[in-house]
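The data block below is structure.txt; it holds compact mmCIF, C-alpha atoms.
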# COMPACT_ATOMS: atom_id res chain seq x y z
CA MET A 1 211.60 129.68 122.15
CA THR A 2 210.66 128.55 125.65
CA SER A 3 207.41 129.96 127.07
CA LYS A 4 207.69 132.08 130.19
CA ARG A 5 204.12 131.18 131.22
CA PRO A 6 204.23 129.33 134.56
CA SER A 7 203.02 125.76 134.55
CA LEU A 8 199.65 125.04 136.15
CA THR A 9 199.20 122.90 139.21
CA ALA A 10 197.02 119.79 139.10
CA GLU A 11 194.22 121.67 140.93
CA GLN A 12 194.42 124.58 138.46
CA LEU A 13 194.36 122.21 135.50
CA ALA A 14 191.28 120.47 136.89
CA LEU A 15 189.52 123.80 137.44
CA SER A 16 190.39 124.90 133.90
CA GLU A 17 188.99 121.71 132.42
CA ALA A 18 185.81 122.07 134.48
CA ARG A 19 185.32 125.59 133.16
CA LYS A 20 185.82 124.41 129.58
CA ALA A 21 183.33 121.57 130.07
CA LYS A 22 180.75 123.94 131.55
CA LYS A 23 181.15 126.37 128.65
CA ALA A 24 180.85 123.56 126.12
CA LYS A 25 177.70 122.31 127.84
CA GLN A 26 176.19 125.78 127.70
CA ASN A 27 176.93 125.99 123.98
CA VAL A 28 175.00 122.79 123.27
CA ALA A 29 172.19 123.45 125.74
CA ALA A 30 168.55 123.55 124.71
CA PRO A 31 167.66 126.39 122.34
CA THR A 32 166.66 129.65 124.00
CA THR A 33 163.12 130.91 123.87
CA ALA A 34 164.22 133.61 121.46
CA SER A 35 165.41 131.00 118.96
CA LEU A 36 162.15 129.07 119.20
CA VAL A 37 159.85 132.06 118.69
CA ASN A 38 160.17 134.00 115.45
CA ASP A 39 159.37 137.67 116.14
CA VAL A 40 158.42 138.36 112.54
CA LYS A 41 156.03 135.40 112.27
CA GLY A 42 154.88 136.12 115.82
CA ARG A 43 153.79 139.71 115.19
CA ILE A 44 150.55 140.53 117.03
CA ILE A 45 148.67 143.57 118.29
CA ASP A 46 150.13 144.45 121.67
CA ARG A 47 147.75 145.34 124.48
CA LYS A 48 148.30 147.65 127.43
CA TRP A 49 148.52 146.55 131.03
CA ILE A 50 145.98 148.33 133.25
CA GLN A 51 147.49 149.03 136.65
CA ILE A 52 144.49 149.01 139.00
CA LYS A 53 146.46 149.73 142.17
CA ASP A 54 149.37 152.15 142.61
CA ALA A 55 152.58 150.62 143.96
CA ASP A 56 152.11 152.39 147.31
CA SER A 57 148.62 151.00 147.78
CA ILE A 58 149.36 147.37 146.87
CA PRO A 59 149.19 145.23 150.02
CA SER A 60 151.98 142.84 150.89
CA GLY A 61 151.29 139.16 150.42
CA HIS A 62 151.49 136.30 147.94
CA ARG A 63 151.57 137.92 144.51
CA VAL A 64 150.85 135.91 141.38
CA LYS A 65 150.34 136.83 137.74
CA ILE A 66 148.13 134.41 135.86
CA LEU A 67 146.84 134.15 132.32
CA THR A 68 144.21 132.00 130.66
CA TRP A 69 143.81 131.32 126.94
CA ASN A 70 142.02 128.97 124.58
CA LEU A 71 144.64 128.35 121.87
CA LEU A 72 142.23 126.98 119.21
CA ALA A 73 143.38 123.38 118.76
CA GLN A 74 144.70 122.76 115.28
CA CYS A 75 142.75 119.51 115.11
CA LEU A 76 139.51 121.55 115.31
CA VAL A 77 140.37 124.12 112.63
CA ARG A 78 138.12 124.03 109.59
CA ARG A 79 137.78 126.63 106.86
CA GLU A 80 133.97 126.68 107.10
CA LEU A 81 134.21 127.78 110.74
CA PHE A 82 136.61 130.65 109.99
CA PRO A 83 135.82 131.74 106.43
CA ASN A 84 137.58 135.11 106.69
CA SER A 85 140.73 134.04 108.56
CA ASP A 86 144.11 134.32 106.83
CA CYS A 87 146.11 132.04 109.15
CA LEU A 88 144.45 128.68 109.69
CA LYS A 89 147.57 126.60 109.16
CA ALA A 90 149.61 125.76 112.24
CA VAL A 91 152.82 127.20 110.78
CA GLN A 92 151.04 130.52 110.17
CA ARG A 93 149.78 131.09 113.68
CA GLU A 94 151.95 129.08 116.10
CA HIS A 95 154.57 131.82 116.57
CA MET A 96 151.82 134.33 117.32
CA LEU A 97 150.56 131.98 120.02
CA TYR A 98 154.01 131.46 121.52
CA ARG A 99 154.95 135.11 121.53
CA GLU A 100 151.70 136.28 123.09
CA MET A 101 151.62 133.67 125.85
CA LEU A 102 155.24 134.40 126.83
CA GLN A 103 155.47 138.17 126.48
CA HIS A 104 153.33 138.81 129.55
CA ASN A 105 155.77 136.91 131.79
CA ALA A 106 152.98 135.31 133.80
CA ASP A 107 153.82 133.05 136.72
CA ILE A 108 151.07 130.57 135.84
CA LEU A 109 149.50 129.76 132.47
CA CYS A 110 146.11 128.09 132.07
CA LEU A 111 145.65 126.91 128.49
CA GLN A 112 142.74 125.16 126.78
CA GLU A 113 142.37 123.40 123.43
CA VAL A 114 146.03 122.44 123.60
CA ASP A 115 147.41 120.07 120.98
CA ARG A 116 150.70 119.80 119.07
CA LEU A 117 152.50 119.30 122.37
CA GLU A 118 155.71 118.39 120.57
CA LYS A 119 155.89 122.02 119.40
CA LEU A 120 154.53 123.82 122.47
CA LEU A 121 156.40 122.07 125.29
CA PRO A 122 159.94 122.99 124.16
CA VAL A 123 158.85 126.64 124.06
CA LEU A 124 157.47 126.47 127.60
CA GLU A 125 160.45 124.54 128.94
CA SER A 126 162.96 126.95 127.44
CA ALA A 127 161.06 129.80 129.11
CA GLY A 128 161.41 128.13 132.51
CA TYR A 129 157.95 126.56 132.88
CA ALA A 130 157.02 123.14 134.18
CA HIS A 131 153.64 121.85 133.12
CA ARG A 132 150.78 119.42 133.67
CA TYR A 133 148.56 118.35 130.77
CA ALA A 134 145.25 116.46 130.81
CA ALA A 135 142.61 115.58 128.25
CA GLY A 136 139.19 113.95 128.20
CA PRO A 137 138.73 110.37 126.98
CA ASN A 138 139.78 109.98 123.34
CA LYS A 139 140.16 113.73 122.84
CA LYS A 140 142.96 115.04 120.66
CA HIS A 141 143.33 118.25 122.68
CA GLY A 142 143.21 119.12 126.36
CA CYS A 143 143.96 121.55 129.17
CA LEU A 144 147.46 122.52 130.30
CA ILE A 145 148.65 124.31 133.43
CA ALA A 146 152.20 125.66 133.29
CA PHE A 147 154.09 127.32 136.14
CA LYS A 148 157.50 128.87 136.63
CA LYS A 149 159.81 126.24 138.05
CA ASP A 150 161.80 128.74 140.10
CA LEU A 151 158.64 130.00 141.82
CA TYR A 152 156.41 126.97 142.34
CA GLU A 153 156.56 123.25 142.95
CA GLU A 154 153.71 120.85 142.41
CA MET A 155 152.04 119.45 145.54
CA GLY A 156 149.25 117.43 143.95
CA LEU A 157 146.89 117.20 141.00
CA LYS A 158 143.41 115.99 140.16
CA LEU A 159 141.50 115.28 136.98
CA VAL A 160 137.74 115.86 137.04
CA LEU A 161 135.75 113.87 134.46
CA TYR A 162 132.40 115.65 134.40
CA ASP A 163 130.66 112.71 132.73
CA LYS A 164 131.45 110.46 135.69
CA GLU A 165 130.75 112.86 138.57
CA ASN A 166 127.56 112.59 140.64
CA VAL A 167 125.52 115.63 141.66
CA ARG A 168 123.18 113.76 144.00
CA ASP A 169 124.24 112.08 147.21
CA THR A 170 120.95 110.38 148.07
CA ASP A 171 120.28 107.06 146.46
CA GLU A 172 116.66 107.16 145.36
CA GLU A 173 115.79 103.91 143.68
CA GLY A 174 116.06 104.20 139.93
CA VAL A 175 117.11 107.87 139.95
CA SER A 176 120.42 108.75 138.30
CA LEU A 177 122.96 110.27 140.69
CA CYS A 178 124.94 111.78 137.82
CA GLY A 179 122.14 114.05 136.62
CA SER A 180 123.81 114.74 133.30
CA THR A 181 122.23 115.58 129.97
CA PHE A 182 125.07 114.89 127.53
CA ARG A 183 128.25 112.80 127.51
CA THR A 184 130.63 115.64 126.68
CA ARG A 185 134.09 114.25 127.60
CA ASN A 186 134.94 117.66 129.07
CA ILE A 187 137.25 117.90 132.06
CA GLY A 188 138.45 120.05 134.93
CA HIS A 189 142.22 120.08 135.50
CA ILE A 190 143.46 120.95 139.02
CA VAL A 191 147.02 121.45 140.30
CA ALA A 192 148.20 122.45 143.79
CA LEU A 193 151.30 124.68 143.76
CA LYS A 194 153.51 125.65 146.69
CA HIS A 195 155.80 128.67 146.50
CA THR A 196 159.44 127.61 146.50
CA GLN A 197 160.54 130.37 148.87
CA CYS A 198 157.79 130.27 151.53
CA ASP A 199 154.91 128.14 152.82
CA GLU A 200 152.27 129.90 150.75
CA GLY A 201 150.47 128.09 147.98
CA LEU A 202 147.60 128.08 145.51
CA VAL A 203 145.17 125.65 143.99
CA ILE A 204 144.90 126.31 140.25
CA ALA A 205 142.14 124.90 138.07
CA THR A 206 141.37 125.28 134.41
CA THR A 207 138.55 123.92 132.31
CA HIS A 208 136.81 123.96 128.96
CA LEU A 209 133.10 123.50 129.55
CA PHE A 210 130.70 122.01 127.01
CA TRP A 211 130.47 124.21 123.94
CA HIS A 212 126.82 123.86 122.84
CA PRO A 213 125.01 127.20 123.46
CA LYS A 214 121.66 125.54 124.20
CA TYR A 215 122.90 123.11 126.86
CA VAL A 216 122.74 125.66 129.67
CA TYR A 217 121.91 123.12 132.38
CA GLU A 218 124.88 120.93 131.49
CA LYS A 219 127.27 123.88 131.76
CA ALA A 220 125.78 124.79 135.15
CA ARG A 221 126.23 121.20 136.29
CA GLN A 222 129.85 121.10 135.15
CA ALA A 223 130.72 124.47 136.69
CA ALA A 224 129.22 123.46 140.04
CA ILE A 225 131.11 120.17 139.99
CA LEU A 226 134.40 121.94 139.28
CA LYS A 227 133.96 124.35 142.20
CA ARG A 228 133.04 121.46 144.50
CA GLU A 229 136.01 119.37 143.40
CA VAL A 230 138.49 122.24 143.72
CA VAL A 231 137.43 122.88 147.31
CA GLY A 232 137.38 119.17 148.14
CA PHE A 233 140.82 118.70 146.61
CA LYS A 234 142.52 121.42 148.65
CA GLN A 235 140.94 120.00 151.80
CA SER A 236 142.14 116.50 150.92
CA ILE A 237 145.77 117.65 150.64
CA GLY A 238 145.59 119.51 153.96
CA HIS A 239 145.63 123.04 152.53
CA ASP A 240 142.21 124.49 153.17
CA ASP A 241 144.10 127.72 153.92
CA TRP A 242 145.16 128.09 150.28
CA PRO A 243 143.19 130.31 147.88
CA CYS A 244 142.01 129.03 144.51
CA ILE A 245 142.05 130.43 141.00
CA ILE A 246 139.66 128.84 138.51
CA SER A 247 140.03 130.03 134.94
CA GLY A 248 139.37 128.89 131.42
CA ASP A 249 136.85 128.78 128.59
CA PHE A 250 133.46 128.43 130.30
CA ASN A 251 131.37 128.83 127.15
CA PHE A 252 128.74 131.07 128.76
CA THR A 253 128.31 134.84 128.72
CA PRO A 254 128.14 137.29 131.67
CA ASP A 255 124.35 137.58 131.34
CA ASP A 256 123.91 133.80 131.34
CA PRO A 257 122.27 132.03 134.31
CA VAL A 258 125.42 129.96 134.90
CA TYR A 259 127.48 133.13 135.41
CA SER A 260 124.94 134.35 137.95
CA LEU A 261 125.05 131.03 139.78
CA ILE A 262 128.86 131.14 139.97
CA VAL A 263 129.16 134.71 141.26
CA GLY A 264 126.14 134.53 143.55
CA ASP A 265 123.70 136.81 141.73
CA PRO A 266 119.97 135.97 141.80
CA VAL A 267 118.83 134.10 138.71
CA LEU A 268 116.37 136.33 136.85
CA PRO A 269 113.12 135.05 135.32
CA VAL A 270 114.49 135.68 131.82
CA GLN A 271 117.50 133.53 132.73
CA GLU A 272 115.23 130.77 134.01
CA GLU A 273 113.53 130.81 130.63
CA LYS A 274 116.92 130.27 129.01
CA LEU A 275 117.70 127.39 131.38
CA ARG A 276 114.40 125.53 131.10
CA PRO A 277 114.71 124.16 127.50
CA SER A 278 118.06 122.54 128.38
CA TYR A 279 116.40 119.98 130.69
CA VAL A 280 116.83 117.20 128.16
CA VAL A 281 118.69 113.92 127.83
CA HIS A 282 120.83 113.38 124.75
CA THR A 283 121.28 110.12 122.93
CA THR A 284 124.84 109.90 124.29
CA ILE A 285 123.21 109.34 127.71
CA ASP A 286 120.15 107.42 126.58
CA PRO A 287 120.83 105.50 123.34
CA VAL A 288 117.12 104.72 123.02
CA VAL A 289 116.52 108.32 121.95
CA ALA A 290 115.76 108.51 118.23
CA THR A 291 118.74 109.90 116.35
CA GLY A 292 116.63 112.28 114.28
CA ALA A 293 117.30 113.49 110.77
CA SER A 294 120.59 112.66 109.14
CA GLY A 295 123.12 115.44 108.94
CA THR A 296 122.26 117.04 112.29
CA THR A 297 125.09 117.51 114.72
CA ASP A 298 125.18 115.54 117.95
CA GLY A 299 127.94 117.73 119.36
CA ASN A 300 130.07 114.76 120.39
CA ASN A 301 132.21 114.58 117.28
CA GLU A 302 135.71 116.03 117.69
CA ASN A 303 135.15 118.30 114.71
CA GLU A 304 131.78 119.52 116.00
CA GLU A 305 132.98 120.83 119.35
CA GLU A 306 132.74 124.47 118.32
CA GLY A 307 129.72 124.67 116.05
CA ALA A 308 129.64 127.10 113.16
CA ASP A 309 126.20 128.43 114.07
CA PRO A 310 125.83 129.84 117.62
CA ASP A 311 122.03 129.39 117.43
CA LYS A 312 122.00 125.63 116.88
CA VAL A 313 118.96 123.92 118.31
CA ILE A 314 119.05 120.85 120.53
CA THR A 315 118.80 117.70 118.45
CA ASN A 316 118.85 113.98 119.18
CA ALA A 317 117.47 114.47 122.68
CA ARG A 318 114.28 113.89 124.69
CA ALA A 319 112.71 115.78 127.56
CA ALA A 320 114.17 114.88 130.94
CA ARG A 321 112.26 112.60 133.32
CA PRO A 322 112.46 112.44 137.14
CA VAL A 323 114.54 109.25 136.94
CA ASP A 324 117.23 111.14 134.99
CA GLY A 325 118.13 112.96 138.19
CA LEU A 326 118.59 116.44 136.75
CA LEU A 327 118.84 119.13 139.42
CA SER A 328 116.16 121.78 139.76
CA LEU A 329 117.22 125.42 139.85
CA SER A 330 117.08 125.46 143.65
CA GLU A 331 119.17 122.28 143.76
CA LEU A 332 121.71 123.83 141.38
CA LYS A 333 121.97 126.87 143.67
CA ASN A 334 122.52 124.59 146.68
CA LEU A 335 125.22 122.65 144.82
CA PHE A 336 127.13 125.87 144.16
CA LEU A 337 126.68 127.14 147.74
CA SER A 338 127.57 123.81 149.37
CA SER A 339 131.23 124.25 148.37
CA GLY A 340 131.64 127.71 149.86
CA PRO A 341 131.06 131.36 148.99
CA PRO A 342 130.54 132.52 145.39
CA LEU A 343 133.52 133.02 143.11
CA LYS A 344 134.89 136.49 142.37
CA SER A 345 135.80 137.51 138.83
CA ALA A 346 139.22 139.16 138.54
CA TYR A 347 138.13 141.43 135.67
CA ASP A 348 134.62 142.31 136.81
CA SER A 349 135.58 143.01 140.42
CA SER A 350 138.66 145.12 139.64
CA LEU A 351 137.41 147.13 136.66
CA ARG A 352 134.05 147.88 138.28
CA GLY A 353 135.39 150.60 140.55
CA TYR A 354 138.41 151.54 138.48
CA LEU A 355 136.65 152.46 135.22
CA GLU A 356 134.02 154.58 136.94
CA SER A 357 136.60 157.37 137.31
CA PHE A 358 137.08 157.65 133.52
CA SER A 359 134.93 159.48 131.02
CA GLU A 360 133.27 157.40 128.32
CA SER A 361 135.72 158.62 125.66
CA ASN A 362 138.80 158.11 127.84
CA LYS A 363 138.34 154.53 129.08
CA PRO A 364 141.52 152.42 128.87
CA THR A 365 139.42 149.42 127.86
CA ARG A 366 135.82 148.66 126.94
CA THR A 367 133.72 146.08 128.75
CA PHE A 368 130.80 143.74 128.20
CA GLY A 369 128.49 146.29 129.82
CA ASP A 370 129.39 148.87 127.17
CA ARG A 371 127.50 146.85 124.56
CA VAL A 372 125.02 144.77 126.62
CA SER A 373 122.79 146.43 129.17
CA ILE A 374 123.39 145.01 132.65
CA PRO A 375 122.02 146.80 135.75
CA SER A 376 124.73 148.20 138.01
CA SER A 377 123.36 146.09 140.84
CA ARG A 378 124.31 142.90 138.99
CA LEU A 379 127.72 141.43 138.28
CA GLY A 380 129.24 140.75 134.87
CA GLY A 381 129.09 144.16 133.22
CA TYR A 382 132.83 144.75 133.69
CA GLU A 383 134.03 141.57 132.05
CA PRO A 384 136.03 142.20 128.82
CA GLU A 385 134.07 143.42 125.82
CA TRP A 386 135.07 140.32 123.84
CA THR A 387 136.99 137.13 124.56
CA SER A 388 136.10 135.34 121.32
CA TYR A 389 135.53 137.09 118.01
CA THR A 390 134.96 135.23 114.75
CA PHE A 391 132.77 135.35 111.66
CA TYR A 392 130.06 133.29 113.38
CA TRP A 393 130.35 134.16 117.07
CA LYS A 394 131.36 137.32 118.92
CA LEU A 395 131.11 136.61 122.62
CA VAL A 396 132.56 136.69 126.13
CA LEU A 397 133.29 133.11 127.18
CA ASP A 398 136.54 133.20 129.17
CA TYR A 399 137.10 134.20 132.81
CA ILE A 400 139.52 134.28 135.72
CA PHE A 401 137.61 133.43 138.91
CA ILE A 402 138.99 133.60 142.46
CA LEU A 403 137.99 131.75 145.63
CA ASP A 404 139.63 133.32 148.66
CA ALA A 405 140.85 131.15 151.53
CA PRO A 406 139.07 131.43 154.91
CA GLN A 407 141.69 133.78 156.42
CA SER A 408 142.85 135.69 153.36
CA GLN A 409 141.54 138.17 150.84
CA SER A 410 142.54 138.86 147.26
CA THR A 411 143.36 142.20 145.66
CA ILE A 412 143.56 142.46 141.87
CA THR A 413 146.38 144.91 141.17
CA GLY A 414 146.22 144.85 137.37
CA VAL A 415 144.64 143.25 134.32
CA LEU A 416 145.43 143.10 130.62
CA SER A 417 143.29 145.43 128.51
CA GLY A 418 141.03 144.09 125.79
CA HIS A 419 141.40 144.53 122.05
CA ARG A 420 139.58 147.31 120.24
CA THR A 421 136.67 145.89 118.27
CA GLU A 422 137.98 147.41 115.04
CA ASP A 423 141.24 145.49 115.51
CA LEU A 424 139.40 142.17 115.78
CA GLN A 425 137.39 142.64 112.59
CA PRO A 426 136.58 140.79 110.39
CA GLY A 427 137.30 137.94 112.79
CA LEU A 428 140.00 135.88 114.49
CA PRO A 429 142.46 134.33 114.00
CA GLN A 430 144.19 137.00 111.89
CA LEU A 431 147.84 137.52 110.96
CA GLY A 432 149.40 140.35 112.91
CA VAL A 433 146.50 140.42 115.36
CA CYS A 434 145.95 137.17 117.27
CA GLY A 435 146.70 133.51 116.58
CA SER A 436 143.57 132.11 118.22
CA ASP A 437 139.84 132.69 117.92
CA HIS A 438 139.90 133.51 121.66
CA VAL A 439 141.50 136.46 123.42
CA LEU A 440 144.13 135.95 126.13
CA LEU A 441 143.21 137.24 129.61
CA SER A 442 145.71 138.03 132.37
CA ALA A 443 145.52 139.39 135.90
CA GLU A 444 147.91 140.05 138.78
CA ILE A 445 146.50 139.07 142.17
CA VAL A 446 147.83 139.59 145.69
CA PHE A 447 146.58 137.31 148.47
CA THR A 448 146.85 138.92 151.90
CA PRO A 449 146.17 137.25 155.28
CA THR A 450 143.29 138.80 157.20
CA LEU A 451 143.03 139.29 160.94
CA THR A 452 140.95 136.65 162.70

What would you get if you wrote out this structure as structure tokens?
Amino acid sequence: MTSKRPSLTAEQLALSEARKAKKAKQNVAAPTTASLVNDVKGRIIDRKWIQIKDADSIPSGHRVKILTWNLLAQCLVRRELFPNSDCLKAVQREHMLYREMLQHNADILCLQEVDRLEKLLPVLESAGYAHRYAAGPNKKHGCLIAFKKDLYEEMGLKLVLYDKENVRDTDEEGVSLCGSTFRTRNIGHIVALKHTQCDEGLVIATTHLFWHPKYVYEKARQAAILKREVVGFKQSIGHDDWPCIISGDFNFTPDDPVYSLIVGDPVLPVQEEKLRPSYVVHTTIDPVVATGASGTTDGNNENEEEGADPDKVITNARAARPVDGLLSLSELKNLFLSSGPPLKSAYDSSLRGYLESFSESNKPTRTFGDRVSIPSSRLGGYEPEWTSYTFYWKLVLDYIFILDAPQSQSTITGVLSGHRTEDLQPGLPQLGVCGSDHVLLSAEIVFTPTLT
């Protein structure tokens, strides 16, 4: 029987073949995010978004949603560090990590302690993110900045090696310009991003500062260097008008002297007392230093980066001498101030006014100030209650800091609430709760031009 269907023209045949080829290509395309993240294995405790500003009161401007998270590198996981965790194997916690970092639909991700890139990158790529990864010398994990490809394009990047950066610019004979106390191999990772649909842009930085609780000076030195290098970088690429977001695992608490130096609070006498014992020089800087008793940690081993005991003393070090070039407290303050105004914390600045309208029993989230007494005149009390919660340490170590551009101001329109303490017990990581020993932080920020 002869078909009554009319024959196709050459143009129609070509169009039909093109459609078939496109459909076939779609069928063999990269797996979707849904197929890479198992919802059952990725079950976590969901957290509420706190809308700080009503839609009508949100100013117009460059809006960005950012998150920061220390993923707990698999190469650092040891049972003795997390004795009560039920998910220390990568296959047990990786889907929890993927689901949590993607479910918030952030525009920019700042991740620390990143390893197993062969597993993570396909997840990010399938979700529409481009990325930049960097690590310190001979480290098996590093820092990663990911951004939505349809929203941002990269305009430049910079790697800051804290061990090689100077903090003095005057060459006094025999005095070290570096002024460091420990060769830590920690880094700052900076990326400049321009919006794909306008001329607005951002400078994004993430870091993982030195872990040792007693090396307060070294963390202050590294934080000051990062702020200086972020500002210098945006000037070098001709975008001093772009704001900056600096986030990551800073390894100091809101009542620490380094926090006060960053946000511009006066350093209290009790904080000076905490800073003073860290004016030392470790054997990684001066090999002549006696190595001390066997079995003590020197903090430079890959497996010793997050010590089991938060009260470890300084070992394998000597008292600093003038020739070591360490900065005095006044010099540290000047180093922070020389690169511009103090940084603003997204959580502390937004929750400070917002939570005051709630009764104690009705707060949508608890803060650091709910468990540690901080005077209302000082900053830091409205940081999250916890950002790391394990058997050995229960602390606030992670932050999202903002440096406004000269002719713009930032408004934090919302932040992600913290976990309830009872949900974090007996310690992270835990199946069905969180796949890392750190807690993910996220904030939405609007940058608005100001009148000159």

Task: Using only C-alpha atoms: which of A:Pro254, A:Gly325, A:Gly435, A:Pro406 has the shortest distance to Tyr382 (chain A) - done: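 So, comparing all the options, the nearest one is A:Pro254.
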
Task: Near-region 145-160 of chain A list (6 Å; only C-alpha atoms; drop same-chain fewer than 5 positions) as a list of chain:residue names - done: A:Asp107, A:Ile108, A:Leu109, A:Cys110, A:Gly128, A:Tyr129, A:Ala130, A:His131, A:Arg132, A:Ile187, A:Gly188, A:His189, A:Ile190, A:Val191, A:Ala192, A:Leu193, A:Lys194, A:His195, A:Thr196

Task: Straight-line distance linking CA of Ala443 (chain A) with CA of Val415 (chain A), stated in Å to one decimal - done: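 So the two atoms, CA of Ala443 (chain A) and CA of Val415 (chain A), lie 4.3 Å apart.
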
List the neighbours of Trp49 (chain A) out to 8 Å using all atoms listed in the file; skip same-chain residues closer than 3 positions along the sequence, and give me the result as a short mmCIF file (atom, residue, chain, number, x, y, z; two decimals) with C-alpha atoms, keeping the file's coordinate frame.
data_model
loop_
_atom_site.label_atom_id
_atom_site.label_comp_id
_atom_site.auth_asym_id
_atom_site.auth_seq_id
_atom_site.Cartn_x
_atom_site.Cartn_y
_atom_site.Cartn_z
CA GLY A 414 146.22 144.85 137.37
CA VAL A 415 144.64 143.25 134.32
CA LEU A 416 145.43 143.10 130.62
CA SER A 417 143.29 145.43 128.51
#

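Across the model, the gap from CA of Lys344 (chain A) to CA of Asn362 (chain A) is 26.3 Å.
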
- [ ] Check the smallest atom-to-atom distance from each of A:Leu36, A:Ala205, A:Val281, A:Leu102 to Ala134 (chain A) using all atoms listed in the file, then report the winner.
- [x] A:Ala205

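Distances to Thr411 (chain A) were evaluated for A:Trp393, A:Phe252, A:Tyr133, A:Tyr347 using all atoms listed in the file, and the minimum falls at A:Tyr347.
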
Around all the atoms of region 324-342 of chain A listed in the file, with 4 Å of room on each side, what axis-aligned box do you get, giving centre and edge lengths in Å to one decimal, as lines of an AutoDock Vina configuration file?
center_x = 123.9
center_y = 121.8
center_z = 142.4
size_x = 23.5
size_y = 29.4
size_z = 22.9

What's the 6 Å shell around region 240-250 of chain A, counting only C-alpha atoms, without same-chain residues fewer than 3 positions away, as a short mmCIF file (atom, residue, chain, number, x, y, z; two decimals) with C-alpha atoms, in the frame of the given file?
data_model
loop_
_atom_site.label_atom_id
_atom_site.label_comp_id
_atom_site.auth_asym_id
_atom_site.auth_seq_id
_atom_site.Cartn_x
_atom_site.Cartn_y
_atom_site.Cartn_z
CA THR A 68 144.21 132.00 130.66
CA GLY A 201 150.47 128.09 147.98
CA LEU A 202 147.60 128.08 145.51
CA VAL A 203 145.17 125.65 143.99
CA ILE A 204 144.90 126.31 140.25
CA ALA A 205 142.14 124.90 138.07
CA THR A 206 141.37 125.28 134.41
CA THR A 207 138.55 123.92 132.31
CA HIS A 208 136.81 123.96 128.96
CA LEU A 209 133.10 123.50 129.55
CA LYS A 234 142.52 121.42 148.65
CA GLN A 235 140.94 120.00 151.80
CA LEU A 397 133.29 133.11 127.18
CA ASP A 398 136.54 133.20 129.17
CA TYR A 399 137.10 134.20 132.81
CA ILE A 400 139.52 134.28 135.72
CA PHE A 401 137.61 133.43 138.91
CA ILE A 402 138.99 133.60 142.46
CA LEU A 403 137.99 131.75 145.63
CA ASP A 404 139.63 133.32 148.66
CA ALA A 405 140.85 131.15 151.53
#

TODO: Identify which of the residues A:Asp163, A:Glu94, A:Asp348, A:Glu200 lies closest to Pro137 (chain A), counting all atoms listed in the file when measuring atom-to-atom distances.
DONE: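 Checking each candidate against Pro137 (chain A), we get A:Asp163 as the closest.
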
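Between CA of Lys363 (chain A) and CA of Leu395 (chain A) there is a distance of 20.4 Å.
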
Open item on the list: Residues near Lys119 (chain A), anyone? I mean within 12 Å using only C-alpha atoms, not counting same-chain ones fewer than 5 positions away, as a ChimeraX atom specification.
Closed with: /A:36-37,74,90-91,94-95,97-98,114,124-126

TODO: Can you pull out every residue within 8 Å of region 180-182 of chain A, counting only C-alpha atoms, but drop anything in the same chain fewer than 2 positions away, and send it as a VMD selection string?
DONE: chain A and resid 163 178 184 217 to 218 221 279 to 285 324 to 326

- [ ] Choose the residue, out of A:Pro342, A:Gly353, A:Pro266, A:Pro429, that has the smallest atom-to-atom separation from Lys89 (chain A); count all atoms listed in the file.
- [x] A:Pro429
